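One file, protein.cif, carrying mmCIF, C-alpha atoms (C1' of nucleotides):
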```cif
data_my_file
#
loop_
_atom_site.label_atom_id
_atom_site.label_comp_id
_atom_site.auth_asym_id
_atom_site.auth_seq_id
_atom_site.Cartn_x
_atom_site.Cartn_y
_atom_site.Cartn_z
CA MET A 1 -44.32 22.01 -9.76
CA LYS A 2 -40.67 22.81 -10.32
CA SER A 3 -38.71 20.57 -12.66
CA GLU A 4 -35.40 21.51 -11.00
CA ILE A 5 -33.90 19.85 -7.96
CA THR A 6 -31.97 21.05 -4.91
CA ILE A 7 -28.29 20.37 -4.31
CA SER A 8 -28.95 17.46 -1.94
CA GLU A 9 -31.33 15.85 -4.42
CA LEU A 10 -28.66 16.17 -7.11
CA ALA A 11 -26.04 14.81 -4.74
CA ASN A 12 -28.27 11.81 -3.96
CA LEU A 13 -29.03 11.22 -7.61
CA MET A 14 -25.37 11.24 -8.65
CA ASN A 15 -23.92 9.61 -5.55
CA VAL A 16 -21.61 12.49 -4.68
CA SER A 17 -21.43 14.83 -1.70
CA VAL A 18 -23.15 18.19 -1.56
CA HIS A 19 -19.75 19.60 -0.77
CA GLN A 20 -18.29 18.23 -3.97
CA ILE A 21 -20.99 19.82 -6.11
CA ARG A 22 -20.30 23.20 -4.49
CA TYR A 23 -16.60 22.61 -5.01
CA PHE A 24 -17.19 22.08 -8.75
CA GLU A 25 -19.11 25.34 -8.79
CA GLU A 26 -16.30 27.18 -7.01
CA LYS A 27 -13.88 25.87 -9.65
CA GLY A 28 -16.22 27.03 -12.42
CA VAL A 29 -17.12 23.69 -13.94
CA LEU A 30 -20.76 23.37 -12.86
CA GLN A 31 -23.22 26.24 -12.34
CA PRO A 32 -26.76 25.72 -11.01
CA ALA A 33 -29.64 26.43 -13.44
CA TYR A 34 -30.64 29.27 -11.11
CA THR A 35 -30.64 30.34 -7.47
CA ASP A 36 -34.02 30.30 -5.77
CA ASN A 37 -35.41 33.14 -3.62
CA ASN A 38 -34.19 31.37 -0.50
CA GLN A 39 -30.66 31.34 -1.98
CA TYR A 40 -30.88 27.59 -2.64
CA ARG A 41 -29.09 26.35 -5.75
CA MET A 42 -31.42 24.65 -8.21
CA TYR A 43 -30.36 22.19 -10.90
CA GLY A 44 -32.13 21.00 -14.09
CA ILE A 45 -31.64 18.06 -16.42
CA GLU A 46 -28.87 19.90 -18.27
CA GLN A 47 -26.82 20.16 -15.06
CA VAL A 48 -27.44 16.46 -14.34
CA TYR A 49 -25.82 15.60 -17.68
CA GLN A 50 -23.03 18.09 -17.06
CA LEU A 51 -22.27 16.63 -13.65
CA ALA A 52 -22.26 13.12 -15.13
CA HIS A 53 -19.69 14.29 -17.68
CA ILE A 54 -17.56 15.96 -15.02
CA LEU A 55 -17.56 12.82 -12.90
CA LEU A 56 -16.61 10.70 -15.90
CA LEU A 57 -13.69 12.99 -16.72
CA ARG A 58 -12.58 12.85 -13.07
CA LYS A 59 -12.63 9.03 -13.31
CA LEU A 60 -10.40 9.33 -16.38
CA GLY A 61 -7.95 11.28 -14.26
CA VAL A 62 -8.66 14.77 -15.58
CA SER A 63 -8.08 17.44 -12.94
CA VAL A 64 -10.98 19.72 -12.06
CA GLN A 65 -8.92 22.62 -13.42
CA SER A 66 -8.62 20.93 -16.81
CA ILE A 67 -12.23 19.77 -17.01
CA LYS A 68 -13.41 23.24 -18.00
CA ILE A 69 -10.98 23.32 -20.94
CA CYS A 70 -11.94 19.76 -21.83
CA MET A 71 -15.64 20.46 -21.92
CA THR A 72 -15.39 23.70 -23.84
CA SER A 73 -12.64 23.12 -26.37
CA TYR A 74 -11.56 19.50 -26.73
CA SER A 75 -11.53 18.00 -30.23
CA VAL A 76 -12.43 14.38 -30.93
CA ASP A 77 -8.73 13.74 -31.40
CA GLN A 78 -7.84 15.23 -28.03
CA TYR A 79 -10.48 13.09 -26.35
CA ARG A 80 -9.02 10.06 -28.12
CA GLN A 81 -5.60 10.88 -26.72
CA LEU A 82 -7.10 11.34 -23.28
CA LEU A 83 -8.79 7.93 -23.49
CA HIS A 84 -5.53 6.29 -24.56
CA TYR A 85 -3.69 7.91 -21.67
CA SER A 86 -6.37 6.83 -19.18
CA SER A 87 -6.24 3.31 -20.57
CA ARG A 88 -2.50 3.13 -19.89
CA GLU A 89 -3.06 4.50 -16.38
CA ALA A 90 -5.73 1.86 -15.78
CA ASP A 91 -3.27 -0.84 -16.94
CA ALA A 92 -0.69 0.40 -14.45
CA GLU A 93 -3.29 0.40 -11.69
CA LEU A 94 -4.35 -3.13 -12.59
CA LEU A 95 -0.74 -4.26 -12.38
CA ARG A 96 -0.36 -2.58 -9.00
CA LEU A 97 -3.49 -4.33 -7.71
CA LYS A 98 -2.37 -7.71 -9.09
CA GLU A 99 0.96 -7.32 -7.28
CA LEU A 100 -0.88 -6.37 -4.10
CA GLN A 101 -3.08 -9.42 -4.40
CA GLN A 102 -0.06 -11.65 -4.92
CA PHE A 103 1.52 -10.20 -1.81
CA ILE A 104 -1.65 -10.81 0.23
CA LYS A 105 -1.81 -14.40 -1.00
CA LYS A 106 1.84 -14.88 -0.14
CA VAL A 107 1.28 -13.58 3.40
CA LEU A 108 -1.72 -15.87 3.88
CA HIS A 109 0.25 -18.83 2.57
CA GLU A 110 3.35 -18.09 4.66
CA GLN A 111 1.22 -17.50 7.76
CA GLN A 112 -0.36 -20.92 7.41
CA ASN A 113 3.05 -22.47 6.74
CA PHE A 114 4.49 -20.80 9.77
CA ASN A 115 1.75 -21.88 12.14
CA SER A 116 1.99 -25.51 11.13
CA GLU A 117 5.79 -25.69 11.17
CA SER A 118 6.78 -23.37 13.98
CA ASN A 119 9.51 -24.70 16.29
CA GLN A 120 9.93 -27.97 14.41
CA TYR A 121 13.07 -29.15 12.69
CA GLN A 122 12.47 -30.05 9.10
CA ILE A 123 14.44 -31.08 6.07
CA LYS A 124 13.45 -28.92 3.13
CA TRP A 125 14.56 -29.29 -0.44
CA ARG A 126 15.62 -26.00 -1.92
CA ASP A 127 16.30 -25.38 -5.60
CA THR A 128 19.26 -23.23 -6.51
CA THR A 129 18.46 -19.72 -5.34
CA TYR A 130 20.02 -16.56 -6.68
CA PHE A 131 20.62 -13.49 -4.58
CA GLU A 132 21.49 -9.89 -4.93
CA SER A 133 23.60 -8.79 -1.98
CA TRP A 134 21.97 -5.84 -0.34
CA ILE A 135 23.90 -4.84 2.78
CA GLU A 136 27.22 -6.05 4.23
CA MET A 137 27.62 -5.62 7.94
CA GLY A 138 29.84 -6.74 10.77
CA SER A 139 28.70 -9.95 12.43
CA HIS A 140 28.08 -8.17 15.70
CA THR A 141 26.40 -5.14 14.19
CA MET A 142 22.68 -4.64 14.57
CA LEU A 143 20.69 -3.52 11.60
CA ASN A 144 19.79 0.10 12.11
CA ALA A 145 18.22 2.94 10.17
CA LYS A 146 21.55 4.64 9.45
CA LEU A 147 22.99 1.45 7.96
CA LEU A 148 19.92 1.05 5.82
CA ALA A 149 20.06 4.59 4.55
CA GLU A 150 23.81 4.68 3.94
CA GLN A 151 24.73 1.21 2.84
CA ALA A 152 21.66 -0.35 1.34
CA LYS A 153 21.05 -0.36 -2.34
CA ARG A 154 17.65 1.07 -3.01
CA VAL A 155 15.02 -1.59 -2.88
CA LEU A 156 11.42 -1.64 -3.90
CA ASN A 157 8.87 -2.49 -1.19
CA LEU A 158 11.29 -2.70 1.70
CA PHE A 159 10.45 -5.46 4.21
CA GLU A 160 7.67 -6.85 2.05
CA THR A 161 9.94 -9.63 0.88
CA ASP A 162 12.05 -12.24 2.64
CA ILE A 163 15.42 -10.92 3.73
CA HIS A 164 18.18 -13.51 3.84
CA TYR A 165 21.02 -13.04 6.32
CA ILE A 166 23.97 -15.15 5.22
CA TYR A 167 26.45 -16.07 7.98
CA ASP A 168 29.38 -17.60 6.13
CA GLY A 169 31.71 -17.78 9.12
CA SER A 170 33.63 -14.65 8.22
CA SER A 171 33.38 -11.43 10.19
CA THR A 172 30.62 -10.06 7.97
CA ILE A 173 27.00 -10.91 7.48
CA THR A 174 25.51 -10.36 4.07
CA LEU A 175 21.89 -9.33 3.80
CA CYS A 176 20.47 -10.51 0.51
CA LEU A 177 17.33 -10.37 -1.51
CA GLU A 178 16.26 -13.17 -3.78
CA THR A 179 16.39 -12.51 -7.52
CA GLN A 180 14.90 -14.42 -10.41
CA GLY A 181 17.98 -14.83 -12.58
CA PRO A 182 21.66 -15.12 -11.60
CA GLY A 183 22.55 -12.30 -9.22
CA ASP A 184 25.60 -11.56 -7.03
CA PHE A 185 25.76 -15.14 -5.77
CA SER A 186 23.67 -18.25 -5.31
CA LEU A 187 22.91 -20.96 -2.82
CA PRO A 188 23.14 -24.47 -4.19
CA GLU A 189 20.16 -26.75 -4.46
CA GLY A 190 19.95 -29.39 -1.82
CA ASN A 191 18.45 -30.42 1.46
CA TYR A 192 18.33 -27.74 4.09
CA LEU A 193 17.74 -28.34 7.76
CA SER A 194 15.17 -25.75 8.66
CA MET A 195 13.45 -24.34 11.68
CA GLN A 196 10.93 -21.54 11.94
CA CYS A 197 10.78 -19.52 15.10
CA LEU A 198 9.23 -16.48 16.73
CA ILE A 199 11.66 -14.16 18.46
CA LEU A 200 11.00 -11.43 21.00
CA GLU A 201 14.58 -10.63 22.08
CA ASP A 202 17.81 -10.78 20.08
CA ASP A 203 19.49 -13.26 22.43
CA GLU A 204 16.68 -15.71 21.76
CA LEU A 205 17.85 -15.79 18.19
CA GLU A 206 21.37 -16.76 19.20
CA GLN A 207 19.92 -19.54 21.35
CA MET A 208 17.89 -20.79 18.40
CA ILE A 209 20.98 -20.83 16.20
CA GLU A 210 22.89 -22.78 18.83
CA GLN A 211 20.01 -25.23 19.16
CA LEU A 212 19.93 -25.72 15.41
CA TYR A 213 23.66 -26.54 15.31
CA ASP A 214 23.25 -28.86 18.30
CA TYR A 215 20.38 -30.64 16.60
CA ALA A 216 22.39 -30.99 13.38
CA ALA A 217 25.28 -32.45 15.36
CA ALA A 218 23.00 -34.83 17.25
CA GLN A 219 21.59 -36.05 13.96
CA SER A 220 25.13 -36.36 12.53
CA TYR A 221 24.32 -34.08 9.64
CA THR A 222 27.30 -32.68 7.78
CA ILE A 223 26.87 -29.00 7.35
CA ALA A 224 27.80 -27.99 3.84
CA GLY A 225 27.03 -24.33 3.65
CA PRO A 226 26.56 -21.07 5.52
CA LEU A 227 23.87 -20.44 8.09
CA ILE A 228 20.91 -18.73 6.48
CA LEU A 229 18.55 -16.65 8.52
CA ILE A 230 15.39 -15.61 6.75
CA GLU A 231 13.54 -12.67 8.19
CA ARG A 232 9.90 -12.27 7.29
CA SER A 233 9.03 -8.99 8.91
CA TYR A 234 5.83 -8.68 6.91
CA LEU A 235 4.52 -11.73 8.81
CA SER A 236 5.31 -10.09 12.13
CA LEU A 237 3.05 -7.21 11.19
CA PHE A 238 0.09 -9.54 10.90
CA SER A 239 0.63 -11.45 14.13
CA SER A 240 -0.80 -10.27 17.41
CA LYS A 241 2.40 -9.97 19.46
CA ASN A 242 5.60 -8.07 18.78
CA GLU A 243 7.40 -11.20 17.73
CA LEU A 244 9.65 -11.40 14.70
CA HIS A 245 9.27 -14.27 12.29
CA TYR A 246 12.48 -16.01 11.34
CA GLU A 247 13.47 -19.19 9.59
CA LEU A 248 16.90 -20.73 10.09
CA GLN A 249 18.38 -22.93 7.40
CA LEU A 250 21.55 -25.00 7.05
CA LEU A 251 22.58 -26.87 3.94
CA ILE A 252 23.30 -30.46 4.91
CA GLU A 253 24.83 -33.35 3.07
CA SER A 254 22.10 -35.91 3.34
CA ALA A 255 24.27 -38.72 1.98
CA THR A 256 26.42 -38.62 5.07
CA LYS A 257 23.49 -38.89 7.43
CA SER A 258 23.98 -41.91 9.61
"C1'" DT B 1 -31.95 22.01 4.76
"C1'" DT B 2 -28.83 24.98 2.86
"C1'" DT B 3 -25.29 28.54 2.71
"C1'" DC B 4 -20.71 30.24 3.60
"C1'" DT B 5 -16.23 30.01 5.58
"C1'" DC B 6 -12.19 28.20 7.71
"C1'" DA B 7 -9.27 24.49 8.77
"C1'" DC B 8 -7.25 20.24 7.56
"C1'" DA B 9 -5.34 15.99 5.02
"C1'" DT C 1 -9.30 17.39 -4.35
"C1'" DG C 2 -11.97 17.11 -1.51
"C1'" DT C 3 -14.09 16.63 3.74
"C1'" DG C 4 -15.60 18.21 8.48
"C1'" DA C 5 -17.35 21.49 11.60
"C1'" DG C 6 -19.66 25.55 13.06
"C1'" DA C 7 -22.56 29.55 12.71
"C1'" DA C 8 -26.31 31.83 10.44
#
```

Structure encoded using structure tokens:
Amino acid sequence: MKSEITISELANLMNVSVHQIRYFEEKGVLQPAYTDNNQYRMYGIEQVYQLAHILLLRKLGVSVQSIKICMTSYSVDQYRQLLHYSSREADAELLRLKELQQFIKKVLHEQQNFNSESNQYQIKWRDTTYFESWIEMGSHTMLNAKLLAEQAKRVLNLFETDIHYIYDGSSTITLCLETQGPGDFSLPEGNYLSMQCLILEDDELEQMIEQLYDYAAAQSYTIAGPLILIERSYLSLFSSKNELHYELQLLIESATKS
DNA sequence: TTTCTCACA
DNA sequence: TGTGAGAA
């Protein structure tokens, strides 16, 4: 009985595809022990170890091209360096995954928030928030790709964060992104009249804004700041319809509420 | 089942 | 750096 195994047996054993094993052979990193009369590649225990080493080096981020050099000529010191490098890469990947998980949690949290508060007026306390202004545009301009490309400062993870549109009554709207520390400007802490809404058409948004002002007037709230429109486009992605998720906010002076 | 080759992401 | 498909 032969002690060697066929390519599919090796593939099964090592949890890789037959294709991949042949690919390693083509690149000169893994040769079969011998080729049988029927032209089948046959592999022994030595090749099993070799393949295990190749797969480990691939996990460490070594290219197939470099694996040959690694396996034939690397010193202990060079392997040490490689391990250090891979460790740093793994740290970066961990960070990336942690950020992704935070984002997912945020979406889940915001989704729940949105569902329970949609189309209801609320008073929300907001701590001082700092912003970096991102795009300035005319109050009747629509956000378009050209504007984004030409005017916008480069931003990481576009549309994965809340975008604040600040309507301060002038002829321009400022699109801002929240920052941790002091940025270009800030919104004061205080009570904000808030409403979350789902919008299909742009004119619906204008109606919502009007309604918010009407409601504020009816409640005799004194408006003490600009209109803030928060766009959460990442929420729209995860809802079934093509609706856009917005929140409208107005700073009010609660002391003057009758 | 395996081999080889070409196309494709 | 692989994978998929097709013919032998």

- Item | Interatomic distance (Å, one decimal) between atom CA of Glu210 of chain A and atom CA of Asn191 of chain A |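 Between these atoms lies a distance of 19.5 Å.
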
- Exercise: DT2 of chain B partners within 10 Å, all atoms listed in the file, chain neighbours under 4 positions left out, as an MDAnalysis selection string: chainID A and resid 6:8 18 38:41

Taking a cut-off of 9 Å and counting only C-alpha atoms (C1' of nucleotides), can you build a table that, for each residue of chain A near chain C, reports the nearest atom pair and how far apart they are in Å (one decimal), sorted by chain then residue number, as JSON lines?
```
{"residue": "A:His19", "atom": "CA", "partner": "C:DT3", "partner_atom": "C1'", "distance": 7.8}
{"residue": "A:Gln20", "atom": "CA", "partner": "C:DG2", "partner_atom": "C1'", "distance": 6.9}
{"residue": "A:Tyr23", "atom": "CA", "partner": "C:DG2", "partner_atom": "C1'", "distance": 8.0}
{"residue": "A:Ser63", "atom": "CA", "partner": "C:DT1", "partner_atom": "C1'", "distance": 8.7}
{"residue": "A:Val64", "atom": "CA", "partner": "C:DT1", "partner_atom": "C1'", "distance": 8.2}
```

- Task: Kindly give the distance, in Å, that separates atom CA of Leu55 of chain A and atom CA of Met71 of chain A, rounded to a single decimal.
- Result: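 Rounded to one decimal, the two atoms are 12.0 Å apart.
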
With all atoms listed in the file considered, list every residue of chain B at most 12 Å from chain A, as a PDB file with C-alpha atoms (C1' of nucleotides), in the frame of the given file.
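Saved file selection.pdb follows:
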```pdb
ATOM      1  C1'  DT B   1     -31.950  22.010   4.760  1.00  0.00           C
ATOM      2  C1'  DT B   2     -28.830  24.980   2.860  1.00  0.00           C
ATOM      3  C1'  DT B   3     -25.290  28.540   2.710  1.00  0.00           C
ATOM      4  C1'  DC B   4     -20.710  30.240   3.600  1.00  0.00           C
TER       5       DC B   4
END
```

- Rounded to one decimal in Å, what is the spacing between atom CA of Trp125 of chain A and atom CA of Leu229 of chain A?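 Rounded to one decimal, the two atoms are 16.0 Å apart.
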
- Item | Residues matched by the PyMOL selection byres ((chain A and resi 237-239) around 12), written as number ranges by chain | A: 104, 107-108, 110-112, 114-115, 159-160, 198, 232-236, 240-245

- Could you spell out the hits of the PyMOL selection byres ((chain A and resi 216) around 12) on the shown file, as a PyMOL selection string? chain A and resi 121-123+192-195+209-215+217-224+227+249-254+256-258

- Task: Mind checking which residues fall within 10 Å of Cys70 of chain A, counting all atoms listed in the file, ignoring those fewer than 5 positions away in the same chain, and posting them as a count of residues only?
- Result: 10
